[in-house]
>>> print(open('my_file_5.cif').read())   # mmCIF, C-alpha atoms
data_upload
loop_
_atom_site.group_PDB
_atom_site.id
_atom_site.type_symbol
_atom_site.label_atom_id
_atom_site.label_comp_id
_atom_site.auth_asym_id
_atom_site.auth_seq_id
_atom_site.Cartn_x
_atom_site.Cartn_y
_atom_site.Cartn_z
ATOM 1 C CA MET W 1 -54.384 20.981 -191.329
ATOM 2 C CA LEU W 2 -52.630 18.867 -193.933
ATOM 3 C CA TYR W 3 -49.378 20.726 -193.188
ATOM 4 C CA GLY W 4 -49.711 19.867 -189.502
ATOM 5 C CA ILE W 5 -50.198 16.178 -190.195
ATOM 6 C CA SER W 6 -47.308 16.011 -192.663
ATOM 7 C CA ALA W 7 -45.067 18.066 -190.345
ATOM 8 C CA ALA W 8 -45.817 15.764 -187.409
ATOM 9 C CA ALA W 9 -45.203 12.616 -189.480
ATOM 10 C CA THR W 10 -41.961 14.047 -190.870
ATOM 11 C CA ALA W 11 -40.824 15.116 -187.413
ATOM 12 C CA LEU W 12 -41.523 11.650 -186.026
ATOM 13 C CA LEU W 13 -39.579 9.929 -188.805
ATOM 14 C CA LEU W 14 -36.635 12.338 -188.607
ATOM 15 C CA THR W 15 -36.533 12.070 -184.807
ATOM 16 C CA VAL W 16 -36.318 8.292 -185.004
ATOM 17 C CA LEU W 17 -33.534 8.466 -187.596
ATOM 18 C CA LEU W 18 -31.582 11.068 -185.620
ATOM 19 C CA ALA W 19 -32.024 9.174 -182.344
ATOM 20 C CA VAL W 20 -30.605 6.059 -184.014
ATOM 21 C CA ALA W 21 -27.698 8.099 -185.401
ATOM 22 C CA LEU W 22 -26.975 9.654 -181.977
ATOM 23 C CA ARG W 23 -27.123 6.314 -180.149
ATOM 24 C CA ALA W 24 -23.531 5.250 -180.893
ATOM 25 C CA PRO W 25 -21.922 8.576 -179.868
ATOM 26 C CA ALA W 26 -23.996 8.606 -176.665
ATOM 27 C CA LEU W 27 -22.865 5.093 -175.793
ATOM 28 C CA ARG W 28 -19.247 5.966 -176.633
ATOM 29 C CA LEU W 29 -19.367 9.094 -174.432
ATOM 30 C CA ARG W 30 -21.138 7.136 -171.666
ATOM 31 C CA LEU W 31 -24.193 9.440 -171.733
ATOM 32 C CA VAL W 32 -26.334 6.553 -170.554
ATOM 33 C CA GLU W 33 -28.658 5.470 -167.800
ATOM 34 C CA ARG W 34 -28.673 1.920 -166.461
ATOM 35 C CA ARG W 35 -32.067 0.238 -166.736
ATOM 36 C CA ARG W 36 -32.558 -3.467 -166.156
ATOM 37 C CA GLN W 37 -28.928 -4.381 -166.686
ATOM 38 C CA ARG W 38 -28.492 -2.484 -169.963
ATOM 39 C CA ASP W 39 -27.387 0.981 -170.994
ATOM 40 C CA VAL W 40 -30.034 3.349 -172.348
ATOM 41 C CA PRO W 41 -28.602 6.343 -174.276
ATOM 42 C CA LEU W 42 -29.722 9.789 -173.152
ATOM 43 C CA SER W 43 -29.646 11.363 -176.612
ATOM 44 C CA GLY W 44 -33.335 11.029 -177.536
ATOM 45 C CA GLY W 45 -34.235 14.436 -176.129
ATOM 46 C CA VAL W 46 -31.509 16.058 -178.202
ATOM 47 C CA ALA W 47 -33.013 14.461 -181.315
ATOM 48 C CA VAL W 48 -36.493 15.752 -180.439
ATOM 49 C CA VAL W 49 -35.259 19.315 -179.884
ATOM 50 C CA LEU W 50 -33.176 19.433 -183.072
ATOM 51 C CA VAL W 51 -35.905 17.996 -185.284
ATOM 52 C CA THR W 52 -38.597 20.258 -183.803
ATOM 53 C CA GLY W 53 -36.471 23.310 -184.585
ATOM 54 C CA LEU W 54 -35.725 21.950 -188.049
ATOM 55 C CA VAL W 55 -39.392 21.340 -188.904
ATOM 56 C CA VAL W 56 -40.488 24.765 -187.646
ATOM 57 C CA GLY W 57 -37.610 26.467 -189.453
ATOM 58 C CA THR W 58 -38.290 24.605 -192.693
ATOM 59 C CA GLY W 59 -41.991 25.497 -192.572
ATOM 60 C CA ALA W 60 -41.095 29.151 -192.130
ATOM 61 C CA TRP W 61 -38.396 29.067 -194.822
ATOM 62 C CA LEU W 62 -40.707 27.477 -197.375
ATOM 63 C CA GLY W 63 -43.488 29.898 -196.454
ATOM 64 C CA VAL W 64 -45.884 27.024 -195.856
ATOM 65 C CA ALA W 65 -46.405 27.743 -192.181
ATOM 66 C CA PRO W 66 -44.936 31.021 -190.992
ATOM 67 C CA PRO W 67 -44.428 30.883 -187.239
ATOM 68 C CA ALA W 68 -46.792 32.872 -185.062
ATOM 69 C CA ASP W 69 -45.616 35.676 -182.810
ATOM 70 C CA GLY W 70 -43.753 34.241 -179.852
ATOM 71 C CA THR W 71 -42.879 30.927 -181.491
ATOM 72 C CA ARG W 72 -39.163 31.664 -181.316
ATOM 73 C CA GLY W 73 -39.403 32.364 -177.583
ATOM 74 C CA VAL W 74 -41.267 29.133 -176.960
ATOM 75 C CA LEU W 75 -38.669 27.161 -178.931
ATOM 76 C CA VAL W 76 -35.798 28.792 -177.027
ATOM 77 C CA ALA W 77 -37.498 28.094 -173.689
ATOM 78 C CA ALA W 78 -38.191 24.487 -174.714
ATOM 79 C CA GLY W 79 -34.554 24.082 -175.750
ATOM 80 C CA ALA W 80 -33.423 25.465 -172.391
ATOM 81 C CA VAL W 81 -35.665 23.021 -170.520
ATOM 82 C CA ALA W 82 -34.383 20.153 -172.705
ATOM 83 C CA LEU W 83 -30.786 21.157 -171.981
ATOM 84 C CA LEU W 84 -31.602 21.338 -168.286
ATOM 85 C CA GLY W 85 -33.067 17.833 -168.518
ATOM 86 C CA LEU W 86 -29.937 16.505 -170.223
ATOM 87 C CA VAL W 87 -27.729 18.114 -167.581
ATOM 88 C CA ASP W 88 -29.938 16.519 -164.912
ATOM 89 C CA ASP W 89 -29.612 13.118 -166.578
ATOM 90 C CA VAL W 90 -25.830 13.387 -166.614
ATOM 91 C CA TRP W 91 -25.122 15.066 -163.256
ATOM 92 C CA ARG W 92 -28.313 14.533 -161.178
ATOM 93 C CA LEU W 93 -29.365 18.047 -160.199
ATOM 94 C CA ARG W 94 -31.480 18.820 -157.155
ATOM 95 C CA ARG W 95 -35.232 18.944 -157.710
ATOM 96 C CA ARG W 96 -35.447 22.613 -156.721
ATOM 97 C CA VAL W 97 -32.947 23.489 -159.486
ATOM 98 C CA LEU W 98 -35.121 21.669 -162.036
ATOM 99 C CA VAL W 99 -38.300 23.351 -160.800
ATOM 100 C CA ALA W 100 -36.654 26.790 -160.725
ATOM 101 C CA GLY W 101 -35.161 26.388 -164.216
ATOM 102 C CA THR W 102 -38.437 25.176 -165.685
ATOM 103 C CA GLY W 103 -40.326 27.971 -163.921
ATOM 104 C CA VAL W 104 -37.993 30.636 -165.289
ATOM 105 C CA ALA W 105 -38.293 29.224 -168.818
ATOM 106 C CA ALA W 106 -42.087 29.172 -168.539
ATOM 107 C CA ALA W 107 -42.182 32.717 -167.156
ATOM 108 C CA CYS W 108 -40.175 33.933 -170.150
ATOM 109 C CA VAL W 109 -42.858 32.862 -172.616
ATOM 110 C CA VAL W 110 -45.997 34.004 -170.778
ATOM 111 C CA PRO W 111 -47.612 36.912 -172.649
ATOM 112 C CA TYR W 112 -47.882 39.268 -169.669
ATOM 113 C CA GLY W 113 -49.360 42.050 -171.790
ATOM 114 C CA GLU W 114 -52.365 39.877 -172.578
ATOM 115 C CA THR W 115 -52.796 38.215 -169.187
ATOM 116 C CA GLY W 116 -52.633 41.383 -167.116
#
>>> encode(input="my_file_5.cif", output="structure tokens")
Amino acid sequence: MLYGISAAATALLLTVLLAVALRAPALRLRLVERRRQRDVPLSGGVAVVLVTGLVVGTGAWLGVAPPADGTRGVLVAAGAVALLGLVDDVWRLRRRVLVAGTGVAAACVVPYGETG
């Protein structure tokens, strides 16, 4: 339990630091959304995905928290959904594309052998 608390706190801190670091490149590349007369960078999701992978990988590498079976698949599916969200932010995809992409990613991680 202590590992979970420290991993979550570390992930939060690293995500904030990475989001701040990615802010300038996002503004320079115009990866922004206009909200109330100011530009909001769209790089926060990238920071969350990278730090989540980093924390899980570090826990496995140190042997503190070896990932359970299927963790890699869930992380890949979550990364695909995050990438789909970033693409939607930049190019405004149709809702059915978002629903289909999210549905496919979710279907890839369902343990069909256990659910029947």
>>> atom_distance(input="my_file_5.cif", atom1="atom CA of W:Gly59", atom2="atom CA of W:Ala9")
13.6 Å
>>> closest_residue(input="my_file_5.cif", among="W:Leu29, W:Leu14, W:Val20, W:Leu62", to="W:Val49", atoms="all atoms listed in the file")
W:Leu14
>>> resolve_selection(input="my_file_5.cif", expression="the PyMOL selection byres ((chain W and resi 48) around 12)", output="PDB file with C-alpha atoms, in the frame of the given file")
ATOM      1  CA  ALA W   8     -45.817  15.764-187.409  1.00  0.00           C
ATOM      2  CA  THR W  10     -41.961  14.047-190.870  1.00  0.00           C
ATOM      3  CA  ALA W  11     -40.824  15.116-187.413  1.00  0.00           C
ATOM      4  CA  LEU W  12     -41.523  11.650-186.026  1.00  0.00           C
ATOM      5  CA  LEU W  13     -39.579   9.929-188.805  1.00  0.00           C
ATOM      6  CA  LEU W  14     -36.635  12.338-188.607  1.00  0.00           C
ATOM      7  CA  THR W  15     -36.533  12.070-184.807  1.00  0.00           C
ATOM      8  CA  VAL W  16     -36.318   8.292-185.004  1.00  0.00           C
ATOM      9  CA  LEU W  17     -33.534   8.466-187.596  1.00  0.00           C
ATOM     10  CA  LEU W  18     -31.582  11.068-185.620  1.00  0.00           C
ATOM     11  CA  ALA W  19     -32.024   9.174-182.344  1.00  0.00           C
ATOM     12  CA  VAL W  20     -30.605   6.059-184.014  1.00  0.00           C
ATOM     13  CA  LEU W  22     -26.975   9.654-181.977  1.00  0.00           C
ATOM     14  CA  LEU W  42     -29.722   9.789-173.152  1.00  0.00           C
ATOM     15  CA  SER W  43     -29.646  11.363-176.612  1.00  0.00           C
ATOM     16  CA  GLY W  44     -33.335  11.029-177.536  1.00  0.00           C
ATOM     17  CA  GLY W  45     -34.235  14.436-176.129  1.00  0.00           C
ATOM     18  CA  VAL W  46     -31.509  16.058-178.202  1.00  0.00           C
ATOM     19  CA  ALA W  47     -33.013  14.461-181.315  1.00  0.00           C
ATOM     20  CA  VAL W  49     -35.259  19.315-179.884  1.00  0.00           C
ATOM     21  CA  LEU W  50     -33.176  19.433-183.072  1.00  0.00           C
ATOM     22  CA  VAL W  51     -35.905  17.996-185.284  1.00  0.00           C
ATOM     23  CA  THR W  52     -38.597  20.258-183.803  1.00  0.00           C
ATOM     24  CA  GLY W  53     -36.471  23.310-184.585  1.00  0.00           C
ATOM     25  CA  LEU W  54     -35.725  21.950-188.049  1.00  0.00           C
ATOM     26  CA  VAL W  55     -39.392  21.340-188.904  1.00  0.00           C
ATOM     27  CA  LEU W  75     -38.669  27.161-178.931  1.00  0.00           C
ATOM     28  CA  ALA W  78     -38.191  24.487-174.714  1.00  0.00           C
ATOM     29  CA  GLY W  79     -34.554  24.082-175.750  1.00  0.00           C
ATOM     30  CA  ALA W  82     -34.383  20.153-172.705  1.00  0.00           C
ATOM     31  CA  LEU W  83     -30.786  21.157-171.981  1.00  0.00           C
TER      32      LEU W  83
END
>>> residues_around(input="my_file_5.cif", residues="W:Val40", least_positions_apart="6", cutoff="10 Å", atoms="only C-alpha atoms", output="ChimeraX atom specification")
/W:23,26-27,30-34
>>> write_last_selection(input="my_file_5.cif", atoms="C-alpha atoms", output="PDB file, in the coordinates of the input")
ATOM      1  CA  ARG W  23     -27.123   6.314-180.149  1.00  0.00           C
ATOM      2  CA  ALA W  26     -23.996   8.606-176.665  1.00  0.00           C
ATOM      3  CA  LEU W  27     -22.865   5.093-175.793  1.00  0.00           C
ATOM      4  CA  ARG W  30     -21.138   7.136-171.666  1.00  0.00           C
ATOM      5  CA  LEU W  31     -24.193   9.440-171.733  1.00  0.00           C
ATOM      6  CA  VAL W  32     -26.334   6.553-170.554  1.00  0.00           C
ATOM      7  CA  GLU W  33     -28.658   5.470-167.800  1.00  0.00           C
ATOM      8  CA  ARG W  34     -28.673   1.920-166.461  1.00  0.00           C
TER       9      ARG W  34
END
>>> resolve_selection(input="my_file_5.cif", expression="the PyMOL selection byres ((chain W and resi 73) around 12)", output="number ranges by chain")
W: 53, 67-72, 74-80, 105-111
>>> closest_residue(input="my_file_5.cif", among="W:Gly101, W:Gly57, W:Pro41, W:Gly63", to="W:Ala24", atoms="all atoms listed in the file")
W:Pro41
>>> atom_distance(input="my_file_5.cif", atom1="atom CA of W:Val81", atom2="atom CA of W:Ala100")
10.5 Å
>>> atom_distance(input="my_file_5.cif", atom1="atom CA of W:Pro66", atom2="atom CA of W:Leu2")
14.7 Å
>>> axis_aligned_box(input="my_file_5.cif", around="stretch 22-25 of chain W", padding_each_side="6 Å", output="AutoDock Vina command-line options")
--center_x -24.5 --center_y 7.5 --center_z -180.9 --size_x 17.2 --size_y 16.4 --size_z 14.1
